[in-house]
Amino acid sequence: MLQQTQVKTVIPYFNRWLSDYPDWNKLASASEQSVLKSWEGLGYYSRARNLHRLAKIIVEEFEGELPSSIEALLKLPGIGRYTAGAIASLAFNRSASLVDGNVIRLFSRLYACRDNVAHPHIIEQFWQLADNLLPKKDFGIHNESLMELGALICTPNNPQCTICPLQSICQGKKSPELYPNKERVQSEKRTEKIALIQKNNKFKLIQGSGRQQGFWLFPTFDPQRMIWNKSLGKIKYGFTKYTIEMNYGECEFKANQSMTGNWIPLKRLHAIPLPQAHRKIVNSLERPLNQNPVSSN
């Protein structure tokens with residue numbers, strides 16, 4: 001949950017997740033929609049799907065016990081190099097290194113490395129360095145110390161260099177703001193038009209696919225099949241390298257036009273999994289779009 005998400009945001013989700021799924025068996029037996037609903041609002045939903053798949057594999061192939069070796073962990077869905085290293089060292093005290101954003105910042109300053117950390121070969125050098133710095137025991141304590149040092153002392157802004165235990169050997173302490181060197185990526189702007197089609201106080205929703213699989217969505221406006229009657233609002237949100245402006249409005253189907261999906265009452269929309277941007281649309285609908293619903297197919 002902490003990947004790409006701040007701690008203060010994660011805490012209530014983490015507590016609710018453990019309440020809903022206290023063990024691997026409970027998570028493995030849950031429906032995908034229940035899992036996505038529990039995760040709703042955290043974004044990057046492939047993380048939730050991978051956890052769900054992971055639980056099923058652990059129950060079916062590992063008798064409900066998470067494996068402890070790097071090799072076995074890396075074969076599981078959603079577990080990459082960093083996560084495998086963190087699990088192996090922190091949970092099982094295995095000899096394994098890890099590199100996260102805090103460690104990258106710490107190493108960049110410690111060795112005054114001005115190479116652009118956006119390049120994979122530079123990150124690979126940090127991984128090799130992390131391997132070389134591993135002690136002969138207490139691997140979890142060592143790795144957690146590196147991450148906590150970066151998170152609490154060697155912070156992105158206003159690092160507390162005067163109390164850092166590594167200040168005597170830090171090569172970048174005179175100008176810590178120079179490190180790490182990150183390449184700035186300009187986000188691309190995109191627009192979306194979302195159709196709110198209502199009939200008998202119910203809204204047309206469709207099932208998502210791809211990264212939105214398992215969610216319900218208001219359909220994208222299709223001028224070949226729909227009429228845009230009235231704009232109702234705009235929502236801006238970010239996704240990976242994109243800044244997206246979502247326009248949503250009251251629409252209706254053209255004559256003899258329709259689409260697959262379900263008609264769902266407004267009060268039921270709070271009980272089904274929706275992407276966060278579509279959840280904001282629902283929250284804006286305090287009452288039906290109008291007192292005399294548009295005629296739709």
# chains A, B, ... in the order shown; residues from 1 in each chain; ligands from 1
>>> residues_around(residues="range 45-54 of chain A", least_positions_apart="2", cutoff="8 Å", atoms="only C-alpha atoms", output="PyMOL selection string")
chain A and resi 1+27-28+32+35-36+39+42-43+56-58+76-78+211-212
>>> write_last_selection(atoms="C-alpha atoms", output="PDB file, in the first residue's frame")
ATOM      1  CA  MET A   1       0.000   0.000   0.000  1.00  0.00           C
ATOM      2  CA  LEU A  27      -8.219 -12.875   1.071  1.00  0.00           C
ATOM      3  CA  ALA A  28      -7.970 -15.821  -1.330  1.00  0.00           C
ATOM      4  CA  GLU A  32     -12.336  -9.457  -6.879  1.00  0.00           C
ATOM      5  CA  VAL A  35     -11.028  -6.657  -2.853  1.00  0.00           C
ATOM      6  CA  LEU A  36     -11.227  -3.647  -5.169  1.00  0.00           C
ATOM      7  CA  TRP A  39      -8.775  -0.772  -1.957  1.00  0.00           C
ATOM      8  CA  LEU A  42      -5.677   4.148  -3.073  1.00  0.00           C
ATOM      9  CA  GLY A  43      -5.218   3.939  -6.833  1.00  0.00           C
ATOM     10  CA  LYS A  56      -4.628 -17.700  -3.932  1.00  0.00           C
ATOM     11  CA  ILE A  57      -1.161 -18.963  -4.870  1.00  0.00           C
ATOM     12  CA  ILE A  58       0.022 -18.998  -1.257  1.00  0.00           C
ATOM     13  CA  LEU A  76       4.988 -14.351  -7.045  1.00  0.00           C
ATOM     14  CA  PRO A  77       2.678 -11.753  -8.664  1.00  0.00           C
ATOM     15  CA  GLY A  78       3.241  -8.142  -7.637  1.00  0.00           C
ATOM     16  CA  ARG A 211      -6.333  -1.622 -15.519  1.00  0.00           C
ATOM     17  CA  GLN A 212      -9.964  -0.922 -14.615  1.00  0.00           C
TER      18      GLN A 212
END
>>> residues_around(residues="Lys193 in chain A", least_positions_apart="6", cutoff="8 Å", atoms="only C-alpha atoms", output="list in words")
Thr220, Phe221, Met246, Asn247, Tyr248 and Gly249 of chain A
>>> closest_residue(among="A:Phe139, A:Lys202, A:Leu110, A:Arg81", to="Pro165 in chain A", atoms="only C-alpha atoms")
A:Leu110
>>> select_by_dssp(residues="range 66-166 of chain A", states="alpha helix (DSSP H)", output="VMD selection string")
chain A and resid 70 to 74 81 to 86 101 to 110 120 to 133 139 to 148
>>> closest_atom_pairs(of="range 172-283 of chain A", to="range 92-105 of chain A", cutoff="10 Å", atoms="only C-alpha atoms", output="tab-separated table")
residue	atom	partner	partner_atom	distance
A:Pro176	CA	A:Arg105	CA	9.4
A:Tyr179	CA	A:Arg105	CA	6.6
A:Pro180	CA	A:Arg105	CA	5.5
A:Asn181	CA	A:Arg105	CA	9.1
>>> atom_distance(atom1="CA of Gln186 in chain A", atom2="CA of Pro275 in chain A")
24.2 Å
>>> atom_distance(atom1="CA of Ala55 in chain A", atom2="CA of Ser19 in chain A")
15.7 Å
>>> residues_around(residues="Pro12 in chain A", least_positions_apart="2", cutoff="12 Å", atoms="only C-alpha atoms", output="PDB file with N, CA and C atoms, in the first residue's frame")
ATOM      1  N   MET A   1       0.819  -1.214   0.000  1.00  0.00           N
ATOM      2  CA  MET A   1       0.000   0.000   0.000  1.00  0.00           C
ATOM      3  C   MET A   1       0.856   1.269   0.000  1.00  0.00           C
ATOM      4  N   GLN A   6       1.308   7.989   0.354  1.00  0.00           N
ATOM      5  CA  GLN A   6       1.834   8.492   1.619  1.00  0.00           C
ATOM      6  C   GLN A   6       1.286   7.695   2.798  1.00  0.00           C
ATOM      7  N   VAL A   7       2.090   7.670   3.866  1.00  0.00           N
ATOM      8  CA  VAL A   7       1.744   6.894   5.057  1.00  0.00           C
ATOM      9  C   VAL A   7       0.399   7.338   5.648  1.00  0.00           C
ATOM     10  N   LYS A   8       0.184   8.650   5.759  1.00  0.00           N
ATOM     11  CA  LYS A   8      -1.045   9.142   6.389  1.00  0.00           C
ATOM     12  C   LYS A   8      -2.284   8.730   5.597  1.00  0.00           C
ATOM     13  N   THR A   9      -2.139   8.568   4.291  1.00  0.00           N
ATOM     14  CA  THR A   9      -3.255   8.107   3.465  1.00  0.00           C
ATOM     15  C   THR A   9      -3.493   6.623   3.655  1.00  0.00           C
ATOM     16  N   VAL A  10      -2.406   5.882   3.813  1.00  0.00           N
ATOM     17  CA  VAL A  10      -2.488   4.423   3.861  1.00  0.00           C
ATOM     18  C   VAL A  10      -3.090   3.899   5.161  1.00  0.00           C
ATOM     19  N   PHE A  14      -5.027   0.412   5.554  1.00  0.00           N
ATOM     20  CA  PHE A  14      -4.298  -0.732   6.104  1.00  0.00           C
ATOM     21  C   PHE A  14      -5.101  -1.384   7.221  1.00  0.00           C
ATOM     22  N   ASN A  15      -5.620  -0.572   8.132  1.00  0.00           N
ATOM     23  CA  ASN A  15      -6.399  -1.116   9.250  1.00  0.00           C
ATOM     24  C   ASN A  15      -7.669  -1.815   8.764  1.00  0.00           C
ATOM     25  N   ARG A  16      -8.347  -1.208   7.793  1.00  0.00           N
ATOM     26  CA  ARG A  16      -9.570  -1.817   7.274  1.00  0.00           C
ATOM     27  C   ARG A  16      -9.247  -3.105   6.509  1.00  0.00           C
ATOM     28  N   TRP A  17      -8.135  -3.089   5.771  1.00  0.00           N
ATOM     29  CA  TRP A  17      -7.736  -4.272   4.999  1.00  0.00           C
ATOM     30  C   TRP A  17      -7.484  -5.461   5.927  1.00  0.00           C
ATOM     31  N   LEU A  18      -6.754  -5.232   7.006  1.00  0.00           N
ATOM     32  CA  LEU A  18      -6.467  -6.322   7.934  1.00  0.00           C
ATOM     33  C   LEU A  18      -7.723  -6.801   8.649  1.00  0.00           C
ATOM     34  N   SER A  19      -8.674  -5.900   8.827  1.00  0.00           N
ATOM     35  CA  SER A  19      -9.945  -6.302   9.424  1.00  0.00           C
ATOM     36  C   SER A  19     -10.748  -7.167   8.450  1.00  0.00           C
ATOM     37  N   SER A  38     -12.405  -2.646  -1.119  1.00  0.00           N
ATOM     38  CA  SER A  38     -11.589  -2.363   0.064  1.00  0.00           C
ATOM     39  C   SER A  38     -10.425  -1.447  -0.286  1.00  0.00           C
ATOM     40  N   TRP A  39      -9.937  -1.547  -1.517  1.00  0.00           N
ATOM     41  CA  TRP A  39      -8.775  -0.772  -1.957  1.00  0.00           C
ATOM     42  C   TRP A  39      -9.177   0.577  -2.554  1.00  0.00           C
ATOM     43  N   GLU A  40     -10.445   0.745  -2.827  1.00  0.00           N
ATOM     44  CA  GLU A  40     -10.913   1.922  -3.566  1.00  0.00           C
ATOM     45  C   GLU A  40     -10.422   3.220  -2.941  1.00  0.00           C
ATOM     46  N   GLY A  41      -9.813   4.079  -3.756  1.00  0.00           N
ATOM     47  CA  GLY A  41      -9.280   5.351  -3.299  1.00  0.00           C
ATOM     48  C   GLY A  41      -7.777   5.377  -3.211  1.00  0.00           C
ATOM     49  N   LEU A  42      -7.139   4.204  -3.148  1.00  0.00           N
ATOM     50  CA  LEU A  42      -5.677   4.148  -3.073  1.00  0.00           C
ATOM     51  C   LEU A  42      -5.018   4.225  -4.448  1.00  0.00           C
TER      52      LEU A  42
END
